[in-house]
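K.L.:
Take a look at the following structure, please.
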Amino acid sequence: MGISEDRKKQRRKEILKAAADLFAKNGFEGTSFNEIAVKARASKETLYAWFGSKTEILHALLSERADTLRGTVEAEAKSGEPEEVLFVFAREVLREMTKKTSLRLLNAAITAAPKDGDLRDLVADRIDLSLLAARLSLWRAMGLMAFEDANRTAMVFGAMVQGGYPVQLTAGLIETIPDEEIETHARFVTKMFLKAVERPARK
């Protein structure tokens, strides 16, 4: 009898959790495929069949977090108004950054990326702001904003959202970001950004 779909989903979650713990603790290069199998109590054959490589496991972990972030923004920014969408985006990015495992996973990928072309592609995909750039372009076409380069403008907003938090968290200067600070910072950068790109009133 083969494994049921529900059981397969559960085992996949268990494997990814085990891999996340190891990547966060030992880094990408410091974690072996065999160690993941042992911690997850799975055979290497199962891991190869379901994921194929360590890179694919890391890709699955980061993709799940990105999908959750995207789904939350779409669900909560219901009106589609720029201020609401940008605020929710900023807030959810910061909330994700408070999760040490998420930050350590991305750092693990970044550290190993120079030696691994697949990881370079993975990191590039994780920092891709093309969806935000597309939304900005739409708002510009609607006459709500004025700027020249949508991709560069999206990159600026992303940098404003992160501020110095990733460095502080990685260096251990702060343990986490309180939810009140997340809300305050997200609202602050959203208002600053919108003021910078607002279309000048016609005289």
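How things are named: the first chain in the structure tokens is A, the next is B, and so on; residues count from 1 in each chain; ligands count from 1 in the order shown.
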Would you kindly return, as a list in words, each protein, DNA or RNA residue with an atom no farther than 10 Å from any atom of Lys99 in chain A, considering only C-alpha atoms and excluding same-chain residues fewer than 5 positions away?
P.N.:
Leu94, Arg104, Leu169, Glu175, Thr176 and Ile177 of chain A
K.L.:
DSSP says helix (DSSP H, G or I) for which residues of range 40-195 of chain A? Put them as a count of residues only?
P.N.:
122
K.L.:
Smallest atom-to-atom distance to Arg41 in chain A: which of A:Glu29, A:Glu14, A:Glu76, A:Asp116, using only C-alpha atoms?
P.N.:
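Of A:Glu29, A:Glu14, A:Glu76, A:Asp116, the one nearest Arg41 in chain A is A:Glu14, counting only C-alpha atoms.
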K.L.:
Looking at A:Glu83, A:Asp121, A:Glu92, A:Asp128, which one is nearest to Val197 in chain A, with distances taken over only C-alpha atoms?
P.N.:
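Closest to Val197 in chain A of all the choices is A:Glu83.
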K.L.:
Which of these, A:Lys25, A:Lys54, A:His185, A:Arg12, has the shortest distance to Phe89 in chain A once you count only C-alpha atoms?
P.N.:
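Checking each candidate against Phe89 in chain A, we get A:His185 as the closest.
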K.L.:
Give the answer as one residue: which of A:Leu106, A:Ala133, A:Ala60, A:Leu16 has the shortest atom-to-atom distance to Ala42 in chain A, using only C-alpha atoms?
P.N.:
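So, comparing all the options, the nearest one is A:Leu16.
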K.L.:
Report as a list of chain:residue names all protein, DNA and RNA residues lying within 12 Å of Ala77 in chain A, evaluated on only C-alpha atoms, omitting residues in the same chain fewer than 3 positions from it.
P.N.:
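These residues fall inside the cut-off: A:Leu69, A:Arg70, A:Gly71, A:Thr72, A:Val73, A:Glu74, A:Gly80, A:Glu81, A:Pro82, A:Glu83, A:Glu84, A:Val85, A:Leu86, A:Phe87, A:Val88, A:Phe89, A:Ala90, A:Arg91, A:Glu92.
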K.L.:
Can I get the selection written as a CSV table (one decimal), in the first residue's frame, with N, CA and C atoms?
P.N.:
```
chain,number,residue,atom,x,y,z
A,69,LEU,N,3.5,35.1,2.4
A,69,LEU,CA,3.6,36.5,2.4
A,69,LEU,C,2.7,37.1,1.3
A,70,ARG,N,2.8,36.6,0.1
A,70,ARG,CA,2.0,37.1,-1.0
A,70,ARG,C,0.5,36.9,-0.8
A,71,GLY,N,0.2,35.7,-0.2
A,71,GLY,CA,-1.2,35.4,0.1
A,71,GLY,C,-1.8,36.3,1.1
A,72,THR,N,-1.0,36.6,2.1
A,72,THR,CA,-1.5,37.5,3.2
A,72,THR,C,-1.7,38.9,2.7
A,73,VAL,N,-0.8,39.4,1.8
A,73,VAL,CA,-1.0,40.8,1.2
A,73,VAL,C,-2.2,40.8,0.4
A,74,GLU,N,-2.4,39.8,-0.4
A,74,GLU,CA,-3.6,39.8,-1.3
A,74,GLU,C,-4.9,39.7,-0.5
A,80,GLY,N,-7.2,47.4,-2.7
A,80,GLY,CA,-6.2,47.6,-3.7
A,80,GLY,C,-5.7,49.0,-3.8
A,81,GLU,N,-6.0,49.9,-2.8
A,81,GLU,CA,-5.5,51.2,-2.8
A,81,GLU,C,-4.0,51.2,-2.5
A,82,PRO,N,-3.2,52.1,-3.1
A,82,PRO,CA,-1.8,52.1,-2.9
A,82,PRO,C,-1.4,52.1,-1.4
A,83,GLU,N,-2.0,53.0,-0.6
A,83,GLU,CA,-1.5,53.1,0.8
A,83,GLU,C,-1.8,51.8,1.6
A,84,GLU,N,-2.9,51.1,1.3
A,84,GLU,CA,-3.3,49.9,2.0
A,84,GLU,C,-2.4,48.8,1.5
A,85,VAL,N,-2.2,48.6,0.2
A,85,VAL,CA,-1.3,47.5,-0.3
A,85,VAL,C,0.1,47.7,0.2
A,86,LEU,N,0.6,48.9,0.1
A,86,LEU,CA,2.0,49.1,0.5
A,86,LEU,C,2.2,48.9,2.0
A,87,PHE,N,1.3,49.3,2.8
A,87,PHE,CA,1.4,49.2,4.2
A,87,PHE,C,1.4,47.7,4.6
A,88,VAL,N,0.4,46.9,4.0
A,88,VAL,CA,0.3,45.5,4.3
A,88,VAL,C,1.6,44.8,3.9
A,89,PHE,N,2.1,45.1,2.7
A,89,PHE,CA,3.3,44.5,2.2
A,89,PHE,C,4.5,44.8,3.1
A,90,ALA,N,4.6,46.1,3.6
A,90,ALA,CA,5.7,46.4,4.5
A,90,ALA,C,5.6,45.7,5.8
A,91,ARG,N,4.4,45.7,6.3
A,91,ARG,CA,4.2,45.0,7.6
A,91,ARG,C,4.5,43.6,7.6
A,92,GLU,N,4.0,42.9,6.5
A,92,GLU,CA,4.2,41.4,6.4
A,92,GLU,C,5.7,41.1,6.2
```
K.L.:
Looking at A:Phe23, A:Phe157, A:Phe33, A:Trp50, which one is nearest to Asn107 in chain A, with distances taken over only C-alpha atoms?
P.N.:
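Smallest distance to Asn107 in chain A is found for A:Phe23.
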K.L.:
In Å, how far is it from CA of Ser102 in chain A to CA of Thr31 in chain A?
P.N.:
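One can read the CA of Ser102 in chain A to CA of Thr31 in chain A distance as 16.4 Å.
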K.L.:
Here is a test: counting only C-alpha atoms, which residue of A:Met97, A:Val156, A:Ala112, A:Leu136 is nearest to Asp179 in chain A?
P.N.:
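Nearest to Asp179 in chain A: A:Met97.
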